[in-house]
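Pasting data_3.cif here (mmCIF, C-alpha atoms):
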```
data_target
#
loop_
_atom_site.group_PDB
_atom_site.id
_atom_site.type_symbol
_atom_site.label_atom_id
_atom_site.label_comp_id
_atom_site.auth_asym_id
_atom_site.auth_seq_id
_atom_site.Cartn_x
_atom_site.Cartn_y
_atom_site.Cartn_z
ATOM 1 C CA MET A 1 -18.191 -14.451 -19.587
ATOM 2 C CA SER A 2 -19.652 -12.797 -22.668
ATOM 3 C CA TRP A 3 -21.209 -9.353 -22.273
ATOM 4 C CA GLY A 4 -22.821 -9.194 -25.712
ATOM 5 C CA SER A 5 -22.345 -5.447 -26.097
ATOM 6 C CA SER A 6 -20.215 -2.692 -24.617
ATOM 7 C CA GLU A 7 -23.430 -1.075 -23.261
ATOM 8 C CA ALA A 8 -24.107 -4.236 -21.288
ATOM 9 C CA PHE A 9 -20.538 -4.200 -20.007
ATOM 10 C CA PHE A 10 -20.687 -0.610 -18.821
ATOM 11 C CA ALA A 11 -24.174 -1.086 -17.326
ATOM 12 C CA MET A 12 -22.832 -3.914 -15.091
ATOM 13 C CA GLY A 13 -26.294 -5.432 -14.744
ATOM 14 C CA GLY A 14 -27.624 -2.233 -13.143
ATOM 15 C CA TYR A 15 -24.724 -1.952 -10.674
ATOM 16 C CA ALA A 16 -22.647 0.483 -12.752
ATOM 17 C CA LEU A 17 -22.517 3.139 -10.009
ATOM 18 C CA TYR A 18 -21.196 0.690 -7.429
ATOM 19 C CA VAL A 19 -18.773 -1.268 -9.601
ATOM 20 C CA TRP A 20 -17.314 1.680 -11.526
ATOM 21 C CA GLY A 21 -17.448 3.868 -8.425
ATOM 22 C CA SER A 22 -15.196 1.307 -6.720
ATOM 23 C CA TYR A 23 -12.709 0.874 -9.543
ATOM 24 C CA SER A 24 -12.470 4.548 -10.494
ATOM 25 C CA VAL A 25 -11.782 5.692 -6.928
ATOM 26 C CA ALA A 26 -9.250 2.892 -6.409
ATOM 27 C CA ALA A 27 -7.466 3.900 -9.621
ATOM 28 C CA ALA A 28 -7.589 7.566 -8.599
ATOM 29 C CA CYS A 29 -6.046 6.715 -5.215
ATOM 30 C CA ILE A 30 -3.170 4.833 -6.822
ATOM 31 C CA LEU A 31 -2.514 7.562 -9.395
ATOM 32 C CA THR A 32 -2.634 10.228 -6.678
ATOM 33 C CA GLU A 33 -0.165 8.281 -4.539
ATOM 34 C CA LEU A 34 2.234 7.941 -7.464
ATOM 35 C CA TRP A 35 1.833 11.608 -8.376
ATOM 36 C CA LEU A 36 2.442 12.830 -4.806
ATOM 37 C CA LEU A 37 5.509 10.622 -4.524
ATOM 38 C CA ARG A 38 6.869 11.905 -7.837
ATOM 39 C CA ARG A 39 6.307 15.500 -6.735
ATOM 40 C CA ARG A 40 8.052 14.911 -3.411
ATOM 41 C CA ARG A 41 10.937 13.294 -5.262
ATOM 42 C CA ARG A 42 11.236 16.100 -7.823
ATOM 43 C CA THR A 43 11.282 18.777 -5.130
ATOM 44 C CA LEU A 44 14.037 16.929 -3.303
ATOM 45 C CA GLU A 45 16.073 16.335 -6.449
ATOM 46 C CA ARG A 46 15.930 20.016 -7.340
ATOM 47 C CA ALA A 47 17.080 20.998 -3.843
ATOM 48 C CA LEU A 48 19.916 18.476 -3.868
ATOM 49 C CA SER A 49 21.189 19.285 -7.320
ATOM 50 C CA ARG A 50 21.062 23.015 -6.541
ATOM 51 C CA ARG A 51 23.100 22.422 -3.409
ATOM 52 C CA ASN A 52 25.546 19.988 -5.010
ATOM 53 C CA GLY A 53 25.847 22.363 -7.953
ATOM 54 C CA ASP A 54 26.648 25.281 -5.641
ATOM 55 C CA ARG A 55 29.242 23.223 -3.869
ATOM 56 C CA GLY A 56 30.792 22.286 -7.185
ATOM 57 C CA SER A 57 31.071 25.898 -8.335
ATOM 58 C CA ASP A 58 32.421 26.942 -4.932
ATOM 59 C CA ARG A 59 35.137 24.388 -5.282
ATOM 60 C CA ALA A 60 35.875 25.409 -8.846
ATOM 61 C CA SER A 61 36.250 29.040 -7.859
ATOM 62 C CA GLY A 62 38.362 28.118 -4.845
ATOM 63 C CA LYS A 63 35.896 29.569 -2.307
ATOM 64 C CA THR A 64 35.813 26.438 -0.140
ATOM 65 C CA MET B 65 27.763 -14.978 3.600
ATOM 66 C CA ARG B 66 25.971 -14.738 6.910
ATOM 67 C CA LEU B 67 26.724 -11.040 7.188
ATOM 68 C CA LYS B 68 25.678 -10.199 3.683
ATOM 69 C CA VAL B 69 22.085 -9.289 4.511
ATOM 70 C CA TRP B 70 23.269 -6.711 7.054
ATOM 71 C CA ARG B 71 24.994 -4.820 4.297
ATOM 72 C CA TYR B 72 21.553 -3.618 3.190
ATOM 73 C CA ALA B 73 20.866 -2.133 6.597
ATOM 74 C CA SER B 74 23.236 0.629 5.539
ATOM 75 C CA PRO B 75 21.349 3.346 3.650
ATOM 76 C CA PRO B 76 23.646 3.653 0.589
ATOM 77 C CA ALA B 77 23.486 -0.084 -0.164
ATOM 78 C CA PHE B 78 19.754 -0.244 0.484
ATOM 79 C CA TYR B 79 19.215 2.882 -1.604
ATOM 80 C CA ARG B 80 20.804 1.286 -4.657
ATOM 81 C CA LEU B 81 19.076 -2.049 -4.115
ATOM 82 C CA ALA B 82 15.651 -0.382 -3.777
ATOM 83 C CA GLY B 83 16.251 1.651 -6.919
ATOM 84 C CA ASN B 84 17.143 -1.452 -8.905
ATOM 85 C CA LEU B 85 14.200 -3.504 -7.656
ATOM 86 C CA ALA B 86 11.328 -0.977 -7.680
ATOM 87 C CA PRO B 87 10.734 -0.873 -11.486
ATOM 88 C CA TRP B 88 10.518 -4.676 -11.592
ATOM 89 C CA PHE B 89 7.894 -4.782 -8.875
ATOM 90 C CA LEU B 90 5.846 -1.997 -10.469
ATOM 91 C CA GLY B 91 6.087 -3.623 -13.906
ATOM 92 C CA LEU B 92 4.992 -6.951 -12.466
ATOM 93 C CA ALA B 93 2.115 -5.217 -10.668
ATOM 94 C CA THR B 94 0.910 -3.713 -13.948
ATOM 95 C CA LEU B 95 0.991 -7.058 -15.754
ATOM 96 C CA LEU B 96 -0.746 -8.873 -12.904
ATOM 97 C CA ALA B 97 -3.413 -6.173 -12.588
ATOM 98 C CA ALA B 98 -4.119 -6.373 -16.333
ATOM 99 C CA ALA B 99 -4.481 -10.158 -16.133
ATOM 100 C CA GLY B 100 -6.542 -9.994 -12.931
ATOM 101 C CA LEU B 101 -8.920 -7.372 -14.312
ATOM 102 C CA TYR B 102 -9.338 -9.347 -17.512
ATOM 103 C CA ILE B 103 -10.266 -12.475 -15.568
ATOM 104 C CA GLY B 104 -12.431 -10.462 -13.179
ATOM 105 C CA PHE B 105 -14.481 -8.741 -15.861
ATOM 106 C CA PHE B 106 -14.363 -11.082 -18.868
ATOM 107 C CA VAL B 107 -13.823 -14.611 -17.560
ATOM 108 C CA ALA B 108 -15.456 -14.841 -14.128
ATOM 109 C CA PRO B 109 -19.186 -15.575 -14.381
ATOM 110 C CA THR B 110 -22.049 -13.478 -12.998
ATOM 111 C CA ASP B 111 -22.766 -14.294 -9.346
ATOM 112 C CA PHE B 112 -26.102 -16.091 -8.985
ATOM 113 C CA GLN B 113 -27.035 -14.116 -5.849
ATOM 114 C CA GLN B 114 -25.380 -10.725 -6.265
ATOM 115 C CA GLY B 115 -25.399 -10.311 -10.031
ATOM 116 C CA GLU B 116 -22.568 -8.099 -11.307
ATOM 117 C CA SER B 117 -22.149 -6.124 -8.070
ATOM 118 C CA TYR B 118 -19.888 -8.875 -6.713
ATOM 119 C CA ARG B 119 -17.176 -7.784 -9.203
ATOM 120 C CA ILE B 120 -16.168 -5.228 -6.588
ATOM 121 C CA ILE B 121 -14.532 -8.205 -4.873
ATOM 122 C CA PHE B 122 -11.546 -7.999 -7.241
ATOM 123 C CA VAL B 123 -10.507 -4.672 -5.779
ATOM 124 C CA HIS B 124 -12.096 -4.871 -2.316
ATOM 125 C CA VAL B 125 -10.529 -8.085 -1.012
ATOM 126 C CA PRO B 126 -6.976 -7.394 -2.284
ATOM 127 C CA ALA B 127 -7.133 -3.885 -0.786
ATOM 128 C CA ALA B 128 -8.427 -5.209 2.537
ATOM 129 C CA TRP B 129 -5.760 -7.923 2.688
ATOM 130 C CA MET B 130 -3.005 -5.449 1.861
ATOM 131 C CA SER B 131 -4.310 -2.978 4.459
ATOM 132 C CA MET B 132 -3.785 -5.582 7.197
ATOM 133 C CA PHE B 133 -0.652 -7.165 5.742
ATOM 134 C CA LEU B 134 1.155 -3.842 5.262
ATOM 135 C CA TYR B 135 0.418 -2.922 8.868
ATOM 136 C CA ILE B 136 2.027 -6.172 10.026
ATOM 137 C CA VAL B 137 5.068 -5.518 7.820
ATOM 138 C CA MET B 138 5.256 -1.929 9.072
ATOM 139 C CA ALA B 139 5.139 -3.145 12.683
ATOM 140 C CA PHE B 140 7.802 -5.743 11.855
ATOM 141 C CA TRP B 141 10.198 -3.036 10.642
ATOM 142 C CA CYS B 142 9.392 -1.013 13.764
ATOM 143 C CA VAL B 143 10.411 -3.971 15.955
ATOM 144 C CA ILE B 144 13.621 -4.451 13.973
ATOM 145 C CA GLY B 145 14.314 -0.735 14.278
ATOM 146 C CA LEU B 146 13.669 -0.647 18.021
ATOM 147 C CA VAL B 147 15.746 -3.769 18.710
ATOM 148 C CA PHE B 148 18.697 -3.290 16.354
ATOM 149 C CA ASN B 149 18.574 0.490 16.068
ATOM 150 C CA THR B 150 18.852 0.328 12.283
ATOM 151 C CA ARG B 151 17.975 3.600 10.563
ATOM 152 C CA SER B 152 16.758 1.908 7.394
ATOM 153 C CA SER B 153 14.149 -0.112 9.300
ATOM 154 C CA PHE B 154 12.350 2.982 10.588
ATOM 155 C CA MET B 155 12.524 4.526 7.137
ATOM 156 C CA MET B 156 10.991 1.375 5.681
ATOM 157 C CA ALA B 157 8.144 1.522 8.225
ATOM 158 C CA LEU B 158 7.567 5.173 7.390
ATOM 159 C CA ALA B 159 7.573 4.367 3.670
ATOM 160 C CA LEU B 160 4.921 1.671 4.072
ATOM 161 C CA ALA B 161 2.422 3.707 6.079
ATOM 162 C CA PRO B 162 0.967 5.937 3.303
ATOM 163 C CA THR B 163 0.446 2.942 1.012
ATOM 164 C CA GLY B 164 -1.168 1.004 3.853
ATOM 165 C CA ALA B 165 -3.462 3.938 4.578
ATOM 166 C CA MET B 166 -4.369 4.151 0.892
ATOM 167 C CA PHE B 167 -5.298 0.469 0.720
ATOM 168 C CA THR B 168 -7.325 0.809 3.928
ATOM 169 C CA PHE B 169 -9.234 3.712 2.416
ATOM 170 C CA ILE B 170 -9.865 1.730 -0.795
ATOM 171 C CA ALA B 171 -11.121 -1.240 1.262
ATOM 172 C CA LEU B 172 -13.522 0.999 3.181
ATOM 173 C CA TRP B 173 -14.691 2.892 0.105
ATOM 174 C CA THR B 174 -15.301 -0.186 -2.060
ATOM 175 C CA GLY B 175 -16.880 -1.895 0.951
ATOM 176 C CA ALA B 176 -19.395 0.930 1.254
ATOM 177 C CA LEU B 177 -20.173 0.746 -2.462
ATOM 178 C CA TRP B 178 -20.617 -2.996 -2.156
ATOM 179 C CA GLY B 179 -22.638 -2.779 1.038
ATOM 180 C CA LYS B 180 -25.271 -0.481 -0.431
ATOM 181 C CA PRO B 181 -26.598 -2.883 -3.099
ATOM 182 C CA THR B 182 -26.097 -6.070 -1.051
ATOM 183 C CA TRP B 183 -26.961 -4.994 2.531
ATOM 184 C CA GLY B 184 -29.003 -1.881 1.747
ATOM 185 C CA THR B 185 -26.636 0.397 3.679
ATOM 186 C CA TRP B 186 -23.333 2.188 3.005
ATOM 187 C CA TRP B 187 -22.083 1.750 6.533
ATOM 188 C CA VAL B 188 -22.838 0.001 9.829
ATOM 189 C CA TRP B 189 -20.913 0.323 13.076
ATOM 190 C CA ASP B 190 -20.222 -3.381 13.330
ATOM 191 C CA ALA B 191 -17.004 -5.087 14.379
ATOM 192 C CA ARG B 192 -15.440 -5.636 10.935
ATOM 193 C CA LEU B 193 -16.140 -2.198 9.539
ATOM 194 C CA THR B 194 -15.304 -0.323 12.729
ATOM 195 C CA SER B 195 -12.009 -2.150 13.297
ATOM 196 C CA GLU B 196 -10.990 -1.479 9.672
ATOM 197 C CA LEU B 197 -11.786 2.200 10.212
ATOM 198 C CA ILE B 198 -9.592 2.118 13.335
ATOM 199 C CA LEU B 199 -6.819 0.681 11.144
ATOM 200 C CA LEU B 200 -7.063 3.764 8.924
ATOM 201 C CA PHE B 201 -6.794 5.973 12.035
ATOM 202 C CA LEU B 202 -3.762 3.970 13.195
ATOM 203 C CA TYR B 203 -1.969 4.578 9.898
ATOM 204 C CA ILE B 204 -2.860 8.276 10.007
ATOM 205 C CA GLY B 205 -1.897 8.439 13.696
ATOM 206 C CA PHE B 206 1.474 6.824 12.957
ATOM 207 C CA LEU B 207 2.234 9.352 10.226
ATOM 208 C CA SER B 208 0.906 12.320 12.226
ATOM 209 C CA LEU B 209 2.840 11.423 15.368
ATOM 210 C CA HIS B 210 5.995 11.007 13.325
ATOM 211 C CA ALA B 211 5.458 14.354 11.633
ATOM 212 C CA ALA B 212 4.715 16.087 14.946
ATOM 213 C CA ILE B 213 8.079 15.255 16.564
ATOM 214 C CA ASP B 214 11.019 17.249 15.246
ATOM 215 C CA ASP B 215 13.807 15.018 16.486
ATOM 216 C CA THR B 216 13.935 12.194 13.942
ATOM 217 C CA ARG B 217 15.208 9.526 16.330
ATOM 218 C CA ARG B 218 12.503 10.271 18.876
ATOM 219 C CA ALA B 219 9.868 10.463 16.139
ATOM 220 C CA ASP B 220 10.955 7.057 14.821
ATOM 221 C CA ARG B 221 10.805 5.399 18.221
ATOM 222 C CA SER B 222 7.541 7.009 19.363
ATOM 223 C CA ALA B 223 5.718 6.231 16.133
ATOM 224 C CA ALA B 224 7.123 2.687 16.238
ATOM 225 C CA LEU B 225 5.651 2.199 19.713
ATOM 226 C CA LEU B 226 2.279 3.441 18.495
ATOM 227 C CA ALA B 227 2.466 1.035 15.553
ATOM 228 C CA LEU B 228 3.260 -1.852 17.901
ATOM 229 C CA VAL B 229 0.350 -1.093 20.227
ATOM 230 C CA GLY B 230 -1.926 -0.922 17.198
ATOM 231 C CA VAL B 231 -0.944 -4.388 15.990
ATOM 232 C CA ILE B 232 -3.579 -5.826 18.323
ATOM 233 C CA ASN B 233 -6.177 -4.377 15.942
ATOM 234 C CA VAL B 234 -5.138 -6.606 13.022
ATOM 235 C CA PRO B 235 -6.295 -9.962 14.455
ATOM 236 C CA ILE B 236 -9.412 -8.164 15.681
ATOM 237 C CA ILE B 237 -10.195 -7.142 12.082
ATOM 238 C CA TYR B 238 -9.437 -10.583 10.735
ATOM 239 C CA PHE B 239 -11.420 -12.587 13.284
ATOM 240 C CA SER B 240 -14.168 -10.005 13.845
ATOM 241 C CA VAL B 241 -16.506 -11.876 11.505
ATOM 242 C CA GLN B 242 -16.190 -14.966 13.703
ATOM 243 C CA TRP B 243 -16.150 -13.341 17.124
ATOM 244 C CA TRP B 244 -19.094 -11.005 16.715
ATOM 245 C CA SER B 245 -22.293 -11.081 14.767
ATOM 246 C CA THR B 246 -21.782 -8.802 11.807
ATOM 247 C CA LEU B 247 -23.277 -7.970 8.434
ATOM 248 C CA HIS B 248 -19.945 -8.732 6.820
ATOM 249 C CA GLN B 249 -19.623 -12.257 5.449
ATOM 250 C CA GLY B 250 -17.018 -14.672 6.762
ATOM 251 C CA ALA B 251 -13.734 -15.290 4.988
ATOM 252 C CA SER B 252 -14.253 -16.660 1.473
ATOM 253 C CA VAL B 253 -10.715 -17.964 1.395
ATOM 254 C CA SER B 254 -8.967 -19.654 4.293
ATOM 255 C CA LEU B 255 -6.175 -22.123 4.715
ATOM 256 C CA THR B 256 -8.361 -24.702 6.438
ATOM 257 C CA ARG B 257 -11.413 -24.896 4.187
ATOM 258 C CA ALA B 258 -12.102 -25.108 0.480
ATOM 259 C CA PRO B 259 -12.898 -21.659 -0.979
ATOM 260 C CA THR B 260 -16.606 -20.869 -1.184
ATOM 261 C CA MET B 261 -16.456 -19.315 -4.641
ATOM 262 C CA ALA B 262 -16.140 -20.242 -8.307
ATOM 263 C CA ALA B 263 -12.595 -21.118 -9.371
ATOM 264 C CA THR B 264 -12.275 -18.276 -11.897
ATOM 265 C CA MET B 265 -13.493 -15.732 -9.309
ATOM 266 C CA LEU B 266 -10.893 -17.028 -6.885
ATOM 267 C CA VAL B 267 -8.105 -16.946 -9.477
ATOM 268 C CA GLY B 268 -9.000 -13.361 -10.459
ATOM 269 C CA MET B 269 -9.014 -12.296 -6.828
ATOM 270 C CA LEU B 270 -5.682 -13.952 -6.055
ATOM 271 C CA ILE B 271 -4.012 -12.425 -9.122
ATOM 272 C CA MET B 272 -5.332 -8.993 -8.158
ATOM 273 C CA SER B 273 -3.995 -9.551 -4.638
ATOM 274 C CA LEU B 274 -0.572 -10.380 -6.046
ATOM 275 C CA ALA B 275 -0.761 -7.220 -8.150
ATOM 276 C CA ALA B 276 -1.596 -5.160 -5.054
ATOM 277 C CA TRP B 277 1.296 -6.799 -3.229
ATOM 278 C CA MET B 278 3.824 -6.070 -5.989
ATOM 279 C CA TYR B 279 2.541 -2.485 -6.264
ATOM 280 C CA ALA B 280 2.902 -1.994 -2.507
ATOM 281 C CA ILE B 281 6.496 -3.272 -2.578
ATOM 282 C CA GLY B 282 7.411 -1.177 -5.626
ATOM 283 C CA VAL B 283 5.926 2.081 -4.406
ATOM 284 C CA SER B 284 7.314 1.605 -0.875
ATOM 285 C CA LEU B 285 10.800 1.060 -2.263
ATOM 286 C CA LEU B 286 10.505 4.275 -4.277
ATOM 287 C CA ARG B 287 9.273 6.130 -1.207
ATOM 288 C CA VAL B 288 11.975 4.771 1.073
ATOM 289 C CA ARG B 289 14.578 6.064 -1.383
ATOM 290 C CA THR B 290 13.095 9.521 -1.179
ATOM 291 C CA ILE B 291 12.961 9.353 2.626
ATOM 292 C CA MET B 292 16.624 8.293 2.718
ATOM 293 C CA LEU B 293 17.721 11.234 0.594
ATOM 294 C CA GLU B 294 15.627 13.644 2.671
ATOM 295 C CA ARG B 295 17.059 12.406 5.942
ATOM 296 C CA GLU B 296 20.634 11.864 4.927
ATOM 297 C CA SER B 297 21.022 14.807 2.589
ATOM 298 C CA ASP B 298 24.128 15.883 4.514
ATOM 299 C CA ALA B 299 25.719 12.438 4.505
ATOM 300 C CA ASP B 300 28.747 11.862 2.322
ATOM 301 C CA TRP B 301 27.100 9.147 0.279
ATOM 302 C CA VAL B 302 24.289 11.526 -0.749
ATOM 303 C CA ARG B 303 26.761 14.319 -1.526
ATOM 304 C CA GLU B 304 28.680 11.917 -3.720
ATOM 305 C CA LEU B 305 25.590 10.947 -5.738
ATOM 306 C CA LYS B 306 25.625 12.538 -9.146
ATOM 307 C CA ALA B 307 22.410 13.902 -10.616
ATOM 308 C CA GLU B 308 21.849 10.809 -12.753
ATOM 309 C CA GLN B 309 22.268 8.502 -9.755
ATOM 310 C CA LEU B 310 19.593 10.166 -7.621
#
```
Here is a file; write its structure as structure tokens.
Amino acid sequence: MSWGSSEAFFAMGGYALYVWGSYSVAAACILTELWLLRRRRRTLERALSRRNGDRGSDRASGKT
Amino acid sequence: MRLKVWRYASPPAFYRLAGNLAPWFLGLATLLAAAGLYIGFFVAPTDFQQGESYRIIFVHVPAAWMSMFLYIVMAFWCVIGLVFNTRSSFMMALALAPTGAMFTFIALWTGALWGKPTWGTWWVWDARLTSELILLFLYIGFLSLHAAIDDTRRADRSAALLALVGVINVPIIYFSVQWWSTLHQGASVSLTRAPTMAATMLVGMLIMSLAAWMYAIGVSLLRVRTIMLERESDADWVRELKAEQL
């Protein structure tokens, strides 16, 4: 499949809106999923390390 | 040897296994997607009926397949969870649902953008499209029901029951194009007939489907790890994890 020019490629034979509309939204969905998961993970990691850190300092200072 | 697989039903073992495997699946997904997109856009020929609009197939069909397949896998883990009472199984089901919902949305969205130039309409209330929309509601319903019940064990079991009842929708989606008259075309690929498409189109579509599959596994494994830490944050094995092991 040879497109000849990049204009021809991006024009998608007149179907640019439909083809690129499909691929861009699919890519956005995947990136959003990964971003949300990363955010959820980061929040949890911060909470856990804060807690584990507290516990560690408690133990060090003999409060437990 | 026989008991070895059960070891991974315990969250700490499964947590480590998932963490080791996830990057491989995501890396493989990236490579496969790059190859599939290359074939889809630069090797596969223009369709003689649909022109270039058919290139939506390389994202639409893999997303639609994954939307149904992930539901089956989710329901499978729900059955395992209900029968064997394994915590990890329910967590796995819960980890799959958002990815399944995302693929269902992509299938519907790309279907609408494909329907407009080929059928002249974004949407029709026919059997295939409506049952796929119901699938999206089932995923959302599963997640909502789970989120609405505070007691985790009850939430797991209730949502699992909902998922099991909803399984009936999957064969309805798949066979809808045979059972009812619909705008949607029949299956282009089936186990019993030769595919009705050019070989390079088929190869591109199958590679993209593999990419979607590997992505779904990778991202679900990452999510199940997060769910495990959230749920078992008071368990000894989580307390013993050092920051770099999280």
Give the centre and edge lengths of an axis-aligned box, in Å to one decimal, that holds all listed atoms of region 99-102 of chain B with 4 Å on each side, as lines of an AutoDock Vina configuration file.
```
center_x = -6.9
center_y = -8.8
center_z = -15.2
size_x = 12.9
size_y = 10.8
size_z = 12.6
```
- Task: State, in Å with one decimal place, the distance from CA of Leu146 (chain B) to CA of Thr163 (chain B).
- Result: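 Computing it gives 21.8 Å between the two atoms.
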- Restricting the calculation to only C-alpha atoms, which member of A:Arg51, A:Trp35, A:Arg42, A:Gly13 is positioned closest to chain B? A:Gly13
- Message: Once the PyMOL selection byres ((chain A and resi 3) around 12) is applied to the coordinates I shared, what remains selected? I want it as a list in words.
- Response: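 On the file shown, the PyMOL selection byres ((chain A and resi 3) around 12) covers Met1, Ser2, Gly4, Ser5, Ser6, Glu7, Ala8, Phe9, Phe10, Ala11, Met12 and Gly13 of chain A; Phe105, Phe106, Val107, Ala108, Pro109, Thr110 and Glu116 of chain B.
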Per residue of chain A within 9 Å of chain B, what are the shortest atom pair and its distance in Å to one decimal, counting all atoms listed in the file, with rows by chain and residue number, as JSON lines?
```
{"residue": "A:Met1", "atom": "CA", "partner": "B:Val107", "partner_atom": "CA", "distance": 4.8}
{"residue": "A:Ser2", "atom": "CA", "partner": "B:Phe106", "partner_atom": "CA", "distance": 6.7}
{"residue": "A:Trp3", "atom": "CA", "partner": "B:Phe106", "partner_atom": "CA", "distance": 7.8}
{"residue": "A:Phe9", "atom": "CA", "partner": "B:Phe105", "partner_atom": "CA", "distance": 8.6}
{"residue": "A:Met12", "atom": "CA", "partner": "B:Glu116", "partner_atom": "CA", "distance": 5.6}
{"residue": "A:Gly13", "atom": "CA", "partner": "B:Glu116", "partner_atom": "CA", "distance": 5.7}
{"residue": "A:Gly14", "atom": "CA", "partner": "B:Glu116", "partner_atom": "CA", "distance": 8.0}
{"residue": "A:Tyr15", "atom": "CA", "partner": "B:Ser117", "partner_atom": "CA", "distance": 5.6}
{"residue": "A:Ala16", "atom": "CA", "partner": "B:Ser117", "partner_atom": "CA", "distance": 8.1}
{"residue": "A:Leu17", "atom": "CA", "partner": "B:Leu177", "partner_atom": "CA", "distance": 8.3}
{"residue": "A:Tyr18", "atom": "CA", "partner": "B:Leu177", "partner_atom": "CA", "distance": 5.1}
{"residue": "A:Val19", "atom": "CA", "partner": "B:Ile120", "partner_atom": "CA", "distance": 5.6}
{"residue": "A:Trp20", "atom": "CA", "partner": "B:Ile120", "partner_atom": "CA", "distance": 8.6}
{"residue": "A:Gly21", "atom": "CA", "partner": "B:Leu177", "partner_atom": "CA", "distance": 7.3}
{"residue": "A:Ser22", "atom": "CA", "partner": "B:Thr174", "partner_atom": "CA", "distance": 4.9}
{"residue": "A:Tyr23", "atom": "CA", "partner": "B:Val123", "partner_atom": "CA", "distance": 7.1}
{"residue": "A:Val25", "atom": "CA", "partner": "B:Ile170", "partner_atom": "CA", "distance": 7.5}
{"residue": "A:Ala26", "atom": "CA", "partner": "B:Ile170", "partner_atom": "CA", "distance": 5.8}
{"residue": "A:Cys29", "atom": "CA", "partner": "B:Met166", "partner_atom": "CA", "distance": 6.8}
{"residue": "A:Ile30", "atom": "CA", "partner": "B:Met166", "partner_atom": "CA", "distance": 7.8}
{"residue": "A:Glu33", "atom": "CA", "partner": "B:Thr163", "partner_atom": "CA", "distance": 7.7}
{"residue": "A:Leu34", "atom": "CA", "partner": "B:Val283", "partner_atom": "CA", "distance": 7.6}
{"residue": "A:Leu37", "atom": "CA", "partner": "B:Arg287", "partner_atom": "CA", "distance": 6.7}
{"residue": "A:Arg40", "atom": "CA", "partner": "B:Thr290", "partner_atom": "CA", "distance": 7.7}
{"residue": "A:Arg41", "atom": "CA", "partner": "B:Thr290", "partner_atom": "CA", "distance": 6.0}
{"residue": "A:Leu44", "atom": "CA", "partner": "B:Glu294", "partner_atom": "CA", "distance": 7.0}
{"residue": "A:Glu45", "atom": "CA", "partner": "B:Leu310", "partner_atom": "CA", "distance": 7.2}
{"residue": "A:Leu48", "atom": "CA", "partner": "B:Ser297", "partner_atom": "CA", "distance": 7.5}
{"residue": "A:Ser49", "atom": "CA", "partner": "B:Ala307", "partner_atom": "CA", "distance": 6.4}
{"residue": "A:Asn52", "atom": "CA", "partner": "B:Arg303", "partner_atom": "CA", "distance": 6.8}
```
- Query: Distance CA of Ile237 (chain B)-CA of Met132 (chain B), one decimal place?
  - Reply: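 Between these atoms lies a distance of 8.2 Å.
Computed from the coordinates, the CA of Arg192 (chain B) to CA of Ser240 (chain B) distance equals 5.4 Å.
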- Expected selection from the PyMOL selection byres ((chain B and resi 190) around 10), given as a PyMOL selection string: chain B and resi 187-189+191-195+240-241+244-248
- Give the answer as one residue: which of B:Val125, B:Leu81, B:Leu207, B:Leu92 has the shortest atom-to-atom distance to Ser252 (chain B), using all atoms listed in the file?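 When distances to Ser252 (chain B) are compared using all atoms listed in the file, the smallest one comes from B:Val125.
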- Check what the PyMOL selection byres ((chain B and resi 217) around 12) selects in the file above and give those residues as number ranges by chain. B: 145-146, 149-155, 210-211, 213-216, 218-224, 295
Produce a file of the selected residues containing C-alpha atoms, as a short mmCIF file (atom, residue, chain, number, x, y, z; two decimals), in the coordinates of the input.
```cif
data_model
loop_
_atom_site.label_atom_id
_atom_site.label_comp_id
_atom_site.auth_asym_id
_atom_site.auth_seq_id
_atom_site.Cartn_x
_atom_site.Cartn_y
_atom_site.Cartn_z
CA GLY B 145 14.31 -0.74 14.28
CA LEU B 146 13.67 -0.65 18.02
CA ASN B 149 18.57 0.49 16.07
CA THR B 150 18.85 0.33 12.28
CA ARG B 151 17.98 3.60 10.56
CA SER B 152 16.76 1.91 7.39
CA SER B 153 14.15 -0.11 9.30
CA PHE B 154 12.35 2.98 10.59
CA MET B 155 12.52 4.53 7.14
CA HIS B 210 6.00 11.01 13.32
CA ALA B 211 5.46 14.35 11.63
CA ILE B 213 8.08 15.26 16.56
CA ASP B 214 11.02 17.25 15.25
CA ASP B 215 13.81 15.02 16.49
CA THR B 216 13.94 12.19 13.94
CA ARG B 218 12.50 10.27 18.88
CA ALA B 219 9.87 10.46 16.14
CA ASP B 220 10.96 7.06 14.82
CA ARG B 221 10.80 5.40 18.22
CA SER B 222 7.54 7.01 19.36
CA ALA B 223 5.72 6.23 16.13
CA ALA B 224 7.12 2.69 16.24
CA ARG B 295 17.06 12.41 5.94
#
```
- Skip Gly205 (chain B) itself and residues of its chain fewer than 2 positions away, then list as a PyMOL selection string all residues within 12 Å of it, counting all atoms listed in the file. chain B and resi 158+161-162+165+198-203+207-212+222-227+229-230
